[in-house]
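Shown here: target.txt, compact mmCIF, C-alpha atoms.
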```
# COMPACT_ATOMS: atom_id res chain seq x y z
CA MET I 1 -56.52 26.73 42.15
CA PRO I 2 -53.77 28.86 40.59
CA GLY I 3 -53.87 29.18 36.83
CA HIS I 4 -57.17 27.32 36.47
CA SER I 5 -60.75 28.53 36.64
CA LEU I 6 -63.98 26.92 35.53
CA ASN I 7 -65.56 30.35 35.52
CA GLU I 8 -63.57 31.49 32.50
CA PRO I 9 -65.35 30.27 29.33
CA ASP I 10 -62.42 30.62 26.93
CA ARG I 11 -59.86 28.61 28.84
CA ASP I 12 -59.16 24.90 28.92
CA LEU I 13 -60.34 22.87 31.91
CA ASP I 14 -56.89 21.70 32.90
CA ALA I 15 -57.08 17.98 33.63
CA SER I 16 -53.34 17.37 33.81
CA HIS I 17 -53.27 17.24 37.60
CA MET I 18 -56.24 14.90 37.95
CA THR I 19 -56.11 11.14 38.39
CA SER I 20 -58.46 8.24 37.91
CA THR I 21 -60.28 7.22 41.07
CA ARG I 22 -61.00 3.60 41.91
CA ASP I 23 -63.77 2.63 44.28
CA PRO I 24 -62.07 0.53 46.95
CA ALA I 25 -65.26 -1.42 47.60
CA ASP I 26 -65.47 -3.10 44.20
CA GLY I 27 -62.71 -1.92 41.93
CA HIS I 28 -64.99 0.22 39.75
CA VAL I 29 -63.17 3.13 38.12
CA THR I 30 -65.07 6.37 37.57
CA VAL I 31 -63.91 8.32 34.52
CA LEU I 32 -63.08 12.02 34.97
CA LEU I 33 -64.33 11.87 38.55
CA HIS I 34 -62.69 14.96 39.98
CA GLU I 35 -63.01 16.96 36.78
CA ALA I 36 -66.75 16.34 36.49
CA VAL I 37 -67.53 17.17 40.11
CA LEU I 38 -65.33 20.28 39.95
CA ALA I 39 -67.17 21.36 36.80
CA LEU I 40 -70.53 21.01 38.58
CA ASN I 41 -69.29 23.73 40.96
CA PRO I 42 -70.84 22.13 44.10
CA MET I 43 -72.32 24.66 46.50
CA ALA I 44 -73.38 24.38 50.12
CA GLY I 45 -77.05 23.39 50.19
CA GLY I 46 -77.14 22.71 46.44
CA ILE I 47 -79.29 20.12 44.67
CA TYR I 48 -77.61 17.97 42.03
CA ILE I 49 -78.93 15.41 39.57
CA ASP I 50 -76.71 12.51 38.55
CA ALA I 51 -78.82 11.36 35.61
CA THR I 52 -76.59 8.35 34.94
CA PHE I 53 -75.77 6.87 38.35
CA GLY I 54 -73.91 3.83 37.01
CA GLY I 55 -71.35 2.78 39.59
CA GLY I 56 -72.14 5.79 41.76
CA GLY I 57 -68.66 7.29 41.72
CA HIS I 58 -69.73 10.83 40.84
CA THR I 59 -72.64 10.71 43.28
CA ALA I 60 -70.40 9.47 46.10
CA HIS I 61 -67.92 12.26 45.44
CA LEU I 62 -70.69 14.86 45.51
CA LEU I 63 -71.98 13.49 48.81
CA ARG I 64 -68.49 13.78 50.29
CA HIS I 65 -68.09 17.38 49.18
CA GLU I 66 -67.37 20.09 51.75
CA PRO I 67 -69.28 22.22 52.46
CA PRO I 68 -72.06 19.65 52.07
CA VAL I 69 -74.55 19.73 49.23
CA ARG I 70 -78.19 19.38 50.22
CA GLU I 71 -79.16 16.44 48.02
CA VAL I 72 -78.18 14.25 45.08
CA VAL I 73 -80.94 12.73 42.96
CA ALA I 74 -79.51 9.74 41.09
CA ILE I 75 -81.26 8.27 38.04
CA ASP I 76 -80.49 5.03 36.22
CA ALA I 77 -82.34 2.76 33.80
CA ASP I 78 -80.51 -0.27 35.17
CA LEU I 79 -82.31 -1.74 38.19
CA ASP I 80 -79.00 -3.15 39.44
CA ALA I 81 -77.78 0.43 39.90
CA THR I 82 -80.47 1.08 42.47
CA VAL I 83 -79.18 -1.90 44.45
CA ARG I 84 -75.64 -0.53 44.29
CA SER I 85 -76.88 2.73 45.77
CA ASP I 86 -77.68 0.95 49.06
CA ARG I 87 -74.06 1.00 50.18
CA LEU I 88 -73.98 4.79 49.80
CA ARG I 89 -77.04 5.08 52.02
CA THR I 90 -75.28 3.24 54.83
CA ILE I 91 -72.70 6.02 55.10
CA PRO I 92 -73.62 8.36 57.99
CA GLY I 93 -75.23 11.55 56.75
CA ASN I 94 -76.23 10.19 53.35
CA VAL I 95 -79.61 8.64 54.10
CA ASP I 96 -81.59 11.86 53.71
CA ARG I 97 -79.36 13.32 51.00
CA LEU I 98 -79.58 10.62 48.33
CA ARG I 99 -82.60 9.75 46.20
CA ILE I 100 -82.34 6.97 43.61
CA VAL I 101 -84.87 6.75 40.77
CA HIS I 102 -85.18 3.78 38.43
CA ARG I 103 -85.87 5.54 35.11
CA ASN I 104 -84.15 6.23 31.81
CA PHE I 105 -82.57 9.67 31.77
CA ARG I 106 -84.71 10.56 28.78
CA ASP I 107 -87.54 10.80 31.35
CA LEU I 108 -85.74 13.52 33.30
CA ALA I 109 -88.56 16.05 32.91
CA SER I 110 -91.14 13.70 34.43
CA VAL I 111 -88.70 12.64 37.17
CA VAL I 112 -88.23 16.28 38.16
CA ALA I 113 -92.01 16.78 38.22
CA ASN I 114 -92.84 13.52 40.01
CA GLU I 115 -90.11 13.92 42.62
CA GLY I 116 -91.10 17.51 43.34
CA LEU I 117 -87.60 18.80 42.67
CA GLY I 118 -86.92 22.50 42.75
CA PRO I 119 -84.42 24.03 40.33
CA ALA I 120 -81.20 22.00 40.37
CA ASP I 121 -77.73 23.46 40.74
CA GLY I 122 -76.16 20.88 38.48
CA VAL I 123 -77.00 18.01 36.13
CA LEU I 124 -74.47 15.35 35.18
CA LEU I 125 -74.77 13.05 32.15
CA ASP I 126 -72.07 10.36 32.07
CA LEU I 127 -73.10 8.66 28.83
CA GLY I 128 -72.77 5.08 27.64
CA LEU I 129 -72.54 1.93 29.69
CA SER I 130 -70.86 1.52 33.06
CA SER I 131 -67.96 -0.77 33.92
CA TYR I 132 -70.42 -2.89 35.89
CA GLN I 133 -72.52 -3.57 32.81
CA LEU I 134 -69.49 -4.24 30.60
CA ASP I 135 -67.99 -6.63 33.13
CA GLU I 136 -71.22 -8.49 33.92
CA ASP I 137 -70.93 -11.74 31.98
CA LYS I 138 -74.70 -12.27 31.67
CA ARG I 139 -75.67 -8.89 30.25
CA GLY I 140 -74.37 -9.47 26.73
CA PHE I 141 -72.57 -6.15 26.34
CA SER I 142 -69.14 -7.69 25.75
CA PHE I 143 -67.92 -10.55 23.59
CA ARG I 144 -65.32 -11.32 26.27
CA PHE I 145 -68.05 -13.57 27.68
CA ASP I 146 -70.29 -15.94 25.75
CA ALA I 147 -73.66 -14.69 26.95
CA PRO I 148 -77.19 -14.19 25.62
CA LEU I 149 -77.45 -11.24 23.23
CA ASP I 150 -79.30 -8.85 25.52
CA MET I 151 -77.53 -5.44 25.80
CA ARG I 152 -80.50 -3.67 27.42
CA TYR I 153 -79.77 -1.19 30.20
CA ASP I 154 -83.28 -1.82 31.50
CA GLN I 155 -83.84 -5.56 31.28
CA SER I 156 -87.50 -5.17 32.12
CA ALA I 157 -88.46 -3.59 28.80
CA GLY I 158 -87.65 -3.35 25.11
CA ALA I 159 -86.23 -5.61 22.41
CA THR I 160 -82.92 -7.37 22.98
CA ALA I 161 -79.92 -7.30 20.66
CA GLY I 162 -80.70 -10.92 19.85
CA GLN I 163 -84.16 -9.99 18.62
CA LEU I 164 -82.70 -7.32 16.36
CA VAL I 165 -80.02 -9.62 14.98
CA ASN I 166 -82.47 -12.42 14.25
CA HIS I 167 -85.45 -10.44 12.95
CA GLU I 168 -84.40 -7.12 11.40
CA SER I 169 -83.96 -6.94 7.65
CA GLU I 170 -80.53 -7.05 6.04
CA GLU I 171 -80.90 -3.40 5.02
CA GLU I 172 -81.79 -2.31 8.54
CA LEU I 173 -78.91 -4.23 10.10
CA ALA I 174 -76.50 -2.65 7.63
CA ARG I 175 -77.88 0.79 8.53
CA ILE I 176 -77.40 0.15 12.24
CA PHE I 177 -73.81 -1.01 11.83
CA TRP I 178 -72.91 1.85 9.51
CA SER I 179 -74.72 4.79 11.11
CA LEU I 180 -74.22 3.87 14.77
CA GLY I 181 -70.94 1.96 14.63
CA GLU I 182 -69.31 3.59 11.61
CA GLU I 183 -68.53 0.05 10.46
CA ARG I 184 -67.18 0.08 6.90
CA GLN I 185 -68.03 -3.60 6.38
CA SER I 186 -71.64 -3.09 7.48
CA ARG I 187 -73.23 -4.64 4.38
CA ARG I 188 -71.02 -7.73 4.44
CA ILE I 189 -71.72 -8.27 8.13
CA ALA I 190 -75.48 -7.80 7.70
CA SER I 191 -75.53 -10.23 4.77
CA ALA I 192 -73.58 -12.85 6.72
CA ILE I 193 -75.95 -12.52 9.68
CA VAL I 194 -79.02 -13.06 7.49
CA ARG I 195 -77.50 -16.12 5.78
CA THR I 196 -76.51 -17.63 9.10
CA ARG I 197 -79.81 -17.06 10.89
CA GLU I 198 -81.66 -18.81 8.05
CA GLN I 199 -79.99 -21.99 9.27
CA SER I 200 -80.28 -21.35 13.02
CA PRO I 201 -80.74 -18.35 15.35
CA ILE I 202 -77.74 -16.35 16.53
CA GLU I 203 -78.26 -16.46 20.27
CA THR I 204 -75.02 -15.52 22.03
CA THR I 205 -72.33 -12.86 21.96
CA GLY I 206 -69.74 -15.50 21.15
CA GLN I 207 -71.66 -16.69 18.09
CA LEU I 208 -72.06 -13.15 16.76
CA ALA I 209 -68.48 -12.10 17.43
CA SER I 210 -67.11 -15.24 15.74
CA LEU I 211 -69.38 -14.74 12.75
CA ILE I 212 -68.22 -11.15 12.29
CA GLU I 213 -64.56 -12.14 12.65
CA ARG I 214 -64.96 -14.88 10.00
CA THR I 215 -66.75 -12.43 7.71
CA VAL I 216 -64.37 -9.47 7.74
CA GLY I 217 -61.16 -11.01 9.08
CA ARG I 218 -58.77 -9.47 11.54
CA ARG I 219 -55.96 -7.07 10.74
CA PRO I 220 -52.56 -8.51 11.62
CA GLY I 221 -51.30 -7.03 14.86
CA SER I 222 -54.58 -5.21 15.63
CA ALA I 223 -55.66 -5.26 19.26
CA ILE I 224 -59.21 -4.28 18.31
CA HIS I 225 -61.63 -7.13 17.72
CA PRO I 226 -63.44 -6.79 14.36
CA ALA I 227 -66.81 -7.09 16.12
CA THR I 228 -66.23 -4.05 18.35
CA ARG I 229 -68.01 -1.47 16.18
CA SER I 230 -70.94 -3.76 15.45
CA PHE I 231 -71.48 -4.54 19.13
CA GLN I 232 -71.35 -0.82 19.93
CA ALA I 233 -73.91 -0.10 17.23
CA LEU I 234 -76.29 -2.78 18.49
CA ARG I 235 -76.05 -1.46 22.06
CA ILE I 236 -76.83 2.09 20.96
CA GLU I 237 -79.77 0.88 18.86
CA VAL I 238 -81.19 -1.42 21.54
CA ASN I 239 -81.21 1.38 24.11
CA HIS I 240 -82.12 4.20 21.69
CA GLU I 241 -79.20 6.11 23.18
CA LEU I 242 -78.95 8.93 20.66
CA ASP I 243 -82.68 9.66 20.77
CA ALA I 244 -82.58 9.59 24.58
CA LEU I 245 -79.67 12.04 24.61
CA ALA I 246 -81.46 14.44 22.27
CA GLU I 247 -84.46 14.36 24.62
CA VAL I 248 -82.62 14.74 27.91
CA LEU I 249 -80.46 17.76 26.99
CA PRO I 250 -83.30 20.35 26.83
CA ALA I 251 -84.90 18.73 29.89
CA ALA I 252 -81.62 19.09 31.78
CA VAL I 253 -81.40 22.79 30.95
CA ALA I 254 -85.02 23.30 32.02
CA ALA I 255 -84.24 21.59 35.34
CA LEU I 256 -81.34 23.95 36.12
CA ALA I 257 -81.50 27.11 38.16
CA PRO I 258 -79.78 30.15 36.61
CA GLY I 259 -76.07 29.63 37.17
CA GLY I 260 -76.50 25.85 37.38
CA ARG I 261 -74.11 23.65 35.44
CA LEU I 262 -74.71 21.00 32.78
CA VAL I 263 -71.81 18.53 32.61
CA THR I 264 -71.66 15.78 30.00
CA ILE I 265 -69.14 13.00 29.45
CA ALA I 266 -69.38 11.28 26.07
CA PHE I 267 -67.48 8.22 24.89
CA HIS I 268 -68.65 8.17 21.28
CA SER I 269 -68.27 10.76 18.53
CA LEU I 270 -71.98 10.65 17.69
CA GLU I 271 -72.92 11.42 21.29
CA ASP I 272 -70.35 14.19 21.60
CA ARG I 273 -71.53 15.77 18.35
CA ILE I 274 -75.10 15.94 19.66
CA VAL I 275 -73.93 17.57 22.90
CA LYS I 276 -71.63 20.02 21.11
CA ARG I 277 -74.32 21.16 18.68
CA PHE I 278 -76.88 21.49 21.46
CA ILE I 279 -74.64 23.73 23.56
CA GLU I 280 -73.79 25.79 20.49
CA SER I 281 -77.47 26.22 19.59
CA GLN I 282 -78.42 27.19 23.14
CA SER I 283 -75.56 29.71 23.32
CA ARG I 284 -76.47 31.67 20.21
CA THR I 285 -77.44 35.30 20.52
CA CYS I 286 -78.73 35.51 16.95
CA VAL I 287 -80.39 33.05 14.58
CA CYS I 288 -81.05 35.46 11.72
CA PRO I 289 -79.92 34.46 8.21
CA PRO I 290 -76.21 35.25 7.70
CA ALA I 291 -77.00 37.60 4.81
CA GLN I 292 -79.34 39.72 6.93
CA PRO I 293 -77.48 42.96 7.80
CA VAL I 294 -79.32 43.68 11.09
CA CYS I 295 -80.42 41.22 13.77
CA THR I 296 -84.17 41.20 14.27
CA CYS I 297 -84.66 37.86 16.05
CA ASP I 298 -84.07 39.06 19.62
CA THR I 299 -82.78 35.61 20.54
CA ILE I 300 -81.99 35.15 24.22
CA PRO I 301 -79.36 32.45 24.87
CA GLY I 302 -80.05 29.85 27.52
CA LEU I 303 -76.51 28.58 28.04
CA ARG I 304 -72.92 29.69 27.93
CA ARG I 305 -70.04 27.34 27.32
CA ILE I 306 -67.61 26.89 30.19
CA GLY I 307 -64.06 26.12 29.13
CA LYS I 308 -63.02 23.81 26.33
CA PRO I 309 -63.61 20.06 26.00
CA VAL I 310 -61.74 18.02 28.61
CA ARG I 311 -60.13 14.65 27.97
CA ALA I 312 -58.65 12.21 30.45
CA SER I 313 -55.02 12.84 31.33
CA ALA I 314 -52.29 10.45 30.23
CA GLU I 315 -52.11 9.30 33.83
CA GLU I 316 -55.80 8.42 33.92
CA VAL I 317 -55.69 6.65 30.55
CA GLY I 318 -52.75 4.61 31.77
CA ALA I 319 -54.68 3.58 34.88
CA ASN I 320 -57.99 3.11 33.07
CA PRO I 321 -57.80 2.58 29.26
CA ARG I 322 -61.60 2.93 29.00
CA SER I 323 -61.19 6.64 29.71
CA ARG I 324 -59.26 7.17 26.47
CA SER I 325 -62.31 8.18 24.41
CA ALA I 326 -64.02 10.29 27.10
CA ILE I 327 -64.81 13.92 26.28
CA MET I 328 -66.33 16.22 28.89
CA ARG I 329 -68.23 19.40 28.00
CA VAL I 330 -69.58 21.98 30.44
CA ALA I 331 -72.21 24.71 30.08
CA GLU I 332 -73.91 27.09 32.49
CA ARG I 333 -77.58 28.07 32.58
CA LEU I 334 -78.14 31.79 31.98
CA ASP I 335 -80.95 33.81 33.54
CA ALA I 336 -84.17 34.81 31.76
CA ASN I 337 -82.40 37.78 30.19
CA GLY I 338 -79.55 35.68 28.85
CA ARG I 339 -77.14 36.99 31.45
CA VAL I 340 -74.71 35.25 33.76
CA ALA I 341 -76.40 34.60 37.09
CA SER I 342 -74.75 35.96 40.20
CA ARG I 343 -74.01 33.18 42.64
CA GLY I 344 -71.25 32.10 44.97
CA SER I 345 -68.81 29.31 44.50
CA SER I 346 -67.58 26.69 46.94
CA LEU I 347 -64.47 26.04 44.87
```
Reformat the file's structure so that it appears as structure tokens.
Amino acid sequence: MPGHSLNEPDRDLDASHMTSTRDPADGHVTVLLHEAVLALNPMAGGIYIDATFGGGGHTAHLLRHEPPVREVVAIDADLDATVRSDRLRTIPGNVDRLRIVHRNFRDLASVVANEGLGPADGVLLDLGLSSYQLDEDKRGFSFRFDAPLDMRYDQSAGATAGQLVNHESEEELARIFWSLGEERQSRRIASAIVRTREQSPIETTGQLASLIERTVGRRPGSAIHPATRSFQALRIEVNHELDALAEVLPAAVAALAPGGRLVTIAFHSLEDRIVKRFIESQSRTCVCPPAQPVCTCDTIPGLRRIGKPVRASAEEVGANPRSRSAIMRVAERLDANGRVASRGSSL
């Protein structure tokens, strides 16, 4: 690809020529599809882990890659995702090359051990919720539908958003809205929720969204619903997303073979900050105090950054507005001596 190389760490990953890809079977749009798979640097006979299967777009693209990869292990906390994987298995040649595991990606280390996986050549983390979950009217992720306040990725375990809204203290609710949603009216919203639930439980997304809108109002001409940040915060809290991300990143690096790629796509500044700081910490060659004149720590880096952060092109954002906030970061596993591993490329 003239003028563009993922093997040059100080250059941008040029996304200007890429487009959003829609799955013709169901209309699902995978964000940064081509960019993410290109960044994984698929190799003939390689093993890849899609730790957030979602709609399966990235996995399907990997399985179509030429020359063929050996296997894709797809992980998802949502049981519905495992059902969606069935249509990929029906494609000739995919049956023995696709494994689907119903687990949260925070359990990546145990999945690798339990599934007997050898070192992987790439791990993909496409963070946040999928279009399927957002568009499913009964899951409670969106206030576009009046549905029970659930918001769990894995509906078989954990507290629902409704339980948090109706039982957490006013102080804790305010913390959730402020720290996870960066909602400036967090205290007013939390206070209104507590006053309302004293009369009757808040059971649906419509009830909560209307309550928040009445409490903080709506800016004239704004296309953003005033409940957006609060709903985002509740979803992150219900699924412990930031804690899960902090756990999976070191497990992903441990699962990689030297030269293997870690690719992350974040849709929230808090997620992206965690990823950025992790890659920076794993890329350091010295952790001695700045005032110390000579390095004595003998730190060996585990990763090197590949390129600069990638955002969706204007073309992709126009086709899929949900891609607007996506940020992709790429890093490569170094060998035991902190050196770049020698390996071929299929790109």
At a cut-off of 12 Å, can you tabulate as JSON lines every residue of range 187-251 of chain I near range 259-269 of chain I together with its closest atom pair and the distance in Å to one decimal, using all atoms listed in the file and ordering rows by chain then number?
```
{"residue": "I:Arg229", "atom": "CA", "partner": "I:His268", "partner_atom": "CA", "distance": 10.9}
{"residue": "I:Gln232", "atom": "CA", "partner": "I:His268", "partner_atom": "CA", "distance": 9.5}
{"residue": "I:Ala233", "atom": "CA", "partner": "I:His268", "partner_atom": "CA", "distance": 10.6}
{"residue": "I:Ile236", "atom": "CA", "partner": "I:His268", "partner_atom": "CA", "distance": 10.2}
{"residue": "I:Glu241", "atom": "CA", "partner": "I:His268", "partner_atom": "CA", "distance": 10.9}
{"residue": "I:Leu242", "atom": "CA", "partner": "I:His268", "partner_atom": "CA", "distance": 10.3}
{"residue": "I:Leu245", "atom": "CA", "partner": "I:Thr264", "partner_atom": "CA", "distance": 10.4}
{"residue": "I:Val248", "atom": "CA", "partner": "I:Leu262", "partner_atom": "CA", "distance": 11.2}
{"residue": "I:Leu249", "atom": "CA", "partner": "I:Leu262", "partner_atom": "CA", "distance": 8.8}
{"residue": "I:Pro250", "atom": "CA", "partner": "I:Leu262", "partner_atom": "CA", "distance": 10.5}
{"residue": "I:Ala251", "atom": "CA", "partner": "I:Leu262", "partner_atom": "CA", "distance": 10.8}
```
Closest of I:Ile75, I:Ile212, I:Ala174, I:Ala312 to Glu115 in chain I, counting all atoms listed in the file, is I:Ile75
- Which one of I:Ala109, I:Ile274, I:Leu88, I:Leu124 sits closest to Leu38 in chain I if you count only C-alpha atoms?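 Checking each of I:Ala109, I:Ile274, I:Leu88, I:Leu124 against Leu38 in chain I, counting only C-alpha atoms, the winner is I:Leu124.
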Show me, as a VMD selection string, the residues that have an atom within 8 Å of Gly181 in chain I when counting only C-alpha atoms, minus same-chain residues fewer than 2 positions from it. chain I and resid 176 to 179 183 229 to 233
Computed gap from CA of Ser142 in chain I to CA of Val165 in chain I is 15.4 Å
Shell around range 104-107 of chain I at 6 Å using only C-alpha atoms, local window under 2 positions removed, as a short mmCIF file (atom, residue, chain, number, x, y, z; two decimals) with C-alpha atoms, in the frame of the given file:
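See part.cif below for the written result:
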```
data_model
loop_
_atom_site.label_atom_id
_atom_site.label_comp_id
_atom_site.auth_asym_id
_atom_site.auth_seq_id
_atom_site.Cartn_x
_atom_site.Cartn_y
_atom_site.Cartn_z
CA ALA I 51 -78.82 11.36 35.61
CA ASP I 76 -80.49 5.03 36.22
CA ALA I 77 -82.34 2.76 33.80
CA ALA I 109 -88.56 16.05 32.91
CA SER I 110 -91.14 13.70 34.43
CA ALA I 244 -82.58 9.59 24.58
CA GLU I 247 -84.46 14.36 24.62
CA VAL I 248 -82.62 14.74 27.91
#
```
Which neighbours of Ala341 in chain I fall inside 10 Å, counting only C-alpha atoms, when residues of the same chain fewer than 2 positions from it are skipped, and could you give them as a CSV table (one decimal) with C-alpha atoms, in the coordinates of the input?
```csv
chain,number,residue,atom,x,y,z
I,257,ALA,CA,-81.5,27.1,38.2
I,258,PRO,CA,-79.8,30.2,36.6
I,259,GLY,CA,-76.1,29.6,37.2
I,260,GLY,CA,-76.5,25.8,37.4
I,332,GLU,CA,-73.9,27.1,32.5
I,333,ARG,CA,-77.6,28.1,32.6
I,334,LEU,CA,-78.1,31.8,32.0
I,335,ASP,CA,-81.0,33.8,33.5
I,336,ALA,CA,-84.2,34.8,31.8
I,337,ASN,CA,-82.4,37.8,30.2
I,338,GLY,CA,-79.6,35.7,28.8
I,339,ARG,CA,-77.1,37.0,31.4
I,343,ARG,CA,-74.0,33.2,42.6
I,344,GLY,CA,-71.2,32.1,45.0
```
Near range 317-322 of chain I, 12 Å: range 98-205 of chain I residue rows, closest pairs, all atoms listed in the file, as a tab-separated table:
```
residue	atom	partner	partner_atom	distance
I:Gly128	CA	I:Arg322	CA	11.5
I:Leu129	CA	I:Arg322	CA	11.0
I:Ser130	CA	I:Arg322	CA	10.2
I:Ser131	CA	I:Arg322	CA	8.9
I:Leu134	CA	I:Arg322	CA	10.8
```
Counting all atoms listed in the file, the option among I:Ile193, I:Leu32, I:Leu40, I:Leu79 closest to Gly57 in chain I:
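Of I:Ile193, I:Leu32, I:Leu40, I:Leu79, the one nearest Gly57 in chain I is I:Leu32, counting all atoms listed in the file.
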Nearest to Ile279 in chain I: which of I:Cys295, I:Ala81, I:Ala246, I:Val310 is it, counting all atoms listed in the file?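 Using all atoms listed in the file, Ile279 in chain I sits closest to I:Ala246.
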If I wrap all listed atoms of range 59-65 of chain I in a box with edges along x, y and z and add 6 Å on each side, what are its centre and edge lengths in Å to one decimal, as lines of an AutoDock Vina configuration file?
```
center_x = -70.3
center_y = 13.4
center_z = 46.8
size_x = 16.7
size_y = 19.9
size_z = 19.0
```
Within 10 Å of range 152-159 of chain I, which residues of range 176-259 of chain I come that close, and what is the closest atom pair and distance in Å for each? Count only C-alpha atoms and give it as JSON lines.
```
{"residue": "I:Leu234", "atom": "CA", "partner": "I:Arg152", "partner_atom": "CA", "distance": 9.9}
{"residue": "I:Arg235", "atom": "CA", "partner": "I:Arg152", "partner_atom": "CA", "distance": 7.3}
{"residue": "I:Ile236", "atom": "CA", "partner": "I:Arg152", "partner_atom": "CA", "distance": 9.4}
{"residue": "I:Glu237", "atom": "CA", "partner": "I:Arg152", "partner_atom": "CA", "distance": 9.7}
{"residue": "I:Val238", "atom": "CA", "partner": "I:Arg152", "partner_atom": "CA", "distance": 6.3}
{"residue": "I:Asn239", "atom": "CA", "partner": "I:Arg152", "partner_atom": "CA", "distance": 6.1}
{"residue": "I:His240", "atom": "CA", "partner": "I:Arg152", "partner_atom": "CA", "distance": 9.9}
```
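Picture a line from CA of Ser283 in chain I to CA of Leu108 in chain I; it runs 21.6 Å.
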Using all atoms listed in the file, the residue out of I:Ala314, I:Ser281, I:Gln207, I:Ser323 with shortest distance to Thr299 in chain I is I:Ser281
inquiry  = Between I:Ser210, I:Thr215, I:Ser85, I:Thr205, which residue has the minimum interatomic distance to Arg139 in chain I, considering all atoms listed in the file?
reply    =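 Using all atoms listed in the file, Arg139 in chain I sits closest to I:Thr205.
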Because some atoms of range 95-113 of chain I are absent here, can you restore N, CA and C atoms and send them as a PDB file, in the frame of the given file?
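Written out: part26.pdb:
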```pdb
ATOM      1  N   VAL I  95     -78.274   9.220  54.216  1.00  0.00           N
ATOM      2  CA  VAL I  95     -79.610   8.640  54.100  1.00  0.00           C
ATOM      3  C   VAL I  95     -80.624   9.651  53.565  1.00  0.00           C
ATOM      4  N   ASP I  96     -80.607  10.847  54.105  1.00  0.00           N
ATOM      5  CA  ASP I  96     -81.590  11.860  53.710  1.00  0.00           C
ATOM      6  C   ASP I  96     -81.090  12.756  52.574  1.00  0.00           C
ATOM      7  N   ARG I  97     -79.913  12.460  52.048  1.00  0.00           N
ATOM      8  CA  ARG I  97     -79.360  13.320  51.000  1.00  0.00           C
ATOM      9  C   ARG I  97     -79.225  12.616  49.658  1.00  0.00           C
ATOM     10  N   LEU I  98     -79.684  11.365  49.585  1.00  0.00           N
ATOM     11  CA  LEU I  98     -79.580  10.620  48.330  1.00  0.00           C
ATOM     12  C   LEU I  98     -80.922  10.015  47.967  1.00  0.00           C
ATOM     13  N   ARG I  99     -81.389  10.357  46.756  1.00  0.00           N
ATOM     14  CA  ARG I  99     -82.600   9.750  46.200  1.00  0.00           C
ATOM     15  C   ARG I  99     -82.199   8.999  44.941  1.00  0.00           C
ATOM     16  N   ILE I 100     -82.622   7.756  44.810  1.00  0.00           N
ATOM     17  CA  ILE I 100     -82.340   6.970  43.610  1.00  0.00           C
ATOM     18  C   ILE I 100     -83.646   6.702  42.882  1.00  0.00           C
ATOM     19  N   VAL I 101     -83.653   6.915  41.574  1.00  0.00           N
ATOM     20  CA  VAL I 101     -84.870   6.750  40.770  1.00  0.00           C
ATOM     21  C   VAL I 101     -84.572   5.807  39.618  1.00  0.00           C
ATOM     22  N   HIS I 102     -85.370   4.747  39.507  1.00  0.00           N
ATOM     23  CA  HIS I 102     -85.180   3.780  38.430  1.00  0.00           C
ATOM     24  C   HIS I 102     -85.955   4.250  37.185  1.00  0.00           C
ATOM     25  N   ARG I 103     -85.290   5.043  36.362  1.00  0.00           N
ATOM     26  CA  ARG I 103     -85.870   5.540  35.110  1.00  0.00           C
ATOM     27  C   ARG I 103     -84.752   5.772  34.109  1.00  0.00           C
ATOM     28  N   ASN I 104     -85.109   5.827  32.834  1.00  0.00           N
ATOM     29  CA  ASN I 104     -84.150   6.230  31.810  1.00  0.00           C
ATOM     30  C   ASN I 104     -83.974   7.741  31.878  1.00  0.00           C
ATOM     31  N   PHE I 105     -82.776   8.228  31.635  1.00  0.00           N
ATOM     32  CA  PHE I 105     -82.570   9.670  31.770  1.00  0.00           C
ATOM     33  C   PHE I 105     -83.371  10.493  30.772  1.00  0.00           C
ATOM     34  N   ARG I 106     -83.868   9.839  29.716  1.00  0.00           N
ATOM     35  CA  ARG I 106     -84.710  10.560  28.780  1.00  0.00           C
ATOM     36  C   ARG I 106     -86.006  11.038  29.451  1.00  0.00           C
ATOM     37  N   ASP I 107     -86.346  10.428  30.597  1.00  0.00           N
ATOM     38  CA  ASP I 107     -87.540  10.800  31.350  1.00  0.00           C
ATOM     39  C   ASP I 107     -87.255  11.840  32.419  1.00  0.00           C
ATOM     40  N   LEU I 108     -86.160  12.571  32.272  1.00  0.00           N
ATOM     41  CA  LEU I 108     -85.740  13.520  33.300  1.00  0.00           C
ATOM     42  C   LEU I 108     -86.830  14.524  33.645  1.00  0.00           C
ATOM     43  N   ALA I 109     -87.524  15.048  32.646  1.00  0.00           N
ATOM     44  CA  ALA I 109     -88.560  16.050  32.910  1.00  0.00           C
ATOM     45  C   ALA I 109     -89.642  15.503  33.826  1.00  0.00           C
ATOM     46  N   SER I 110     -90.088  14.273  33.578  1.00  0.00           N
ATOM     47  CA  SER I 110     -91.140  13.700  34.430  1.00  0.00           C
ATOM     48  C   SER I 110     -90.586  13.325  35.794  1.00  0.00           C
ATOM     49  N   VAL I 111     -89.305  12.932  35.866  1.00  0.00           N
ATOM     50  CA  VAL I 111     -88.700  12.640  37.170  1.00  0.00           C
ATOM     51  C   VAL I 111     -88.674  13.895  38.025  1.00  0.00           C
ATOM     52  N   VAL I 112     -88.271  15.011  37.429  1.00  0.00           N
ATOM     53  CA  VAL I 112     -88.230  16.280  38.160  1.00  0.00           C
ATOM     54  C   VAL I 112     -89.620  16.634  38.673  1.00  0.00           C
ATOM     55  N   ALA I 113     -90.635  16.456  37.824  1.00  0.00           N
ATOM     56  CA  ALA I 113     -92.010  16.780  38.220  1.00  0.00           C
ATOM     57  C   ALA I 113     -92.519  15.824  39.299  1.00  0.00           C
TER      58      ALA I 113
END
```
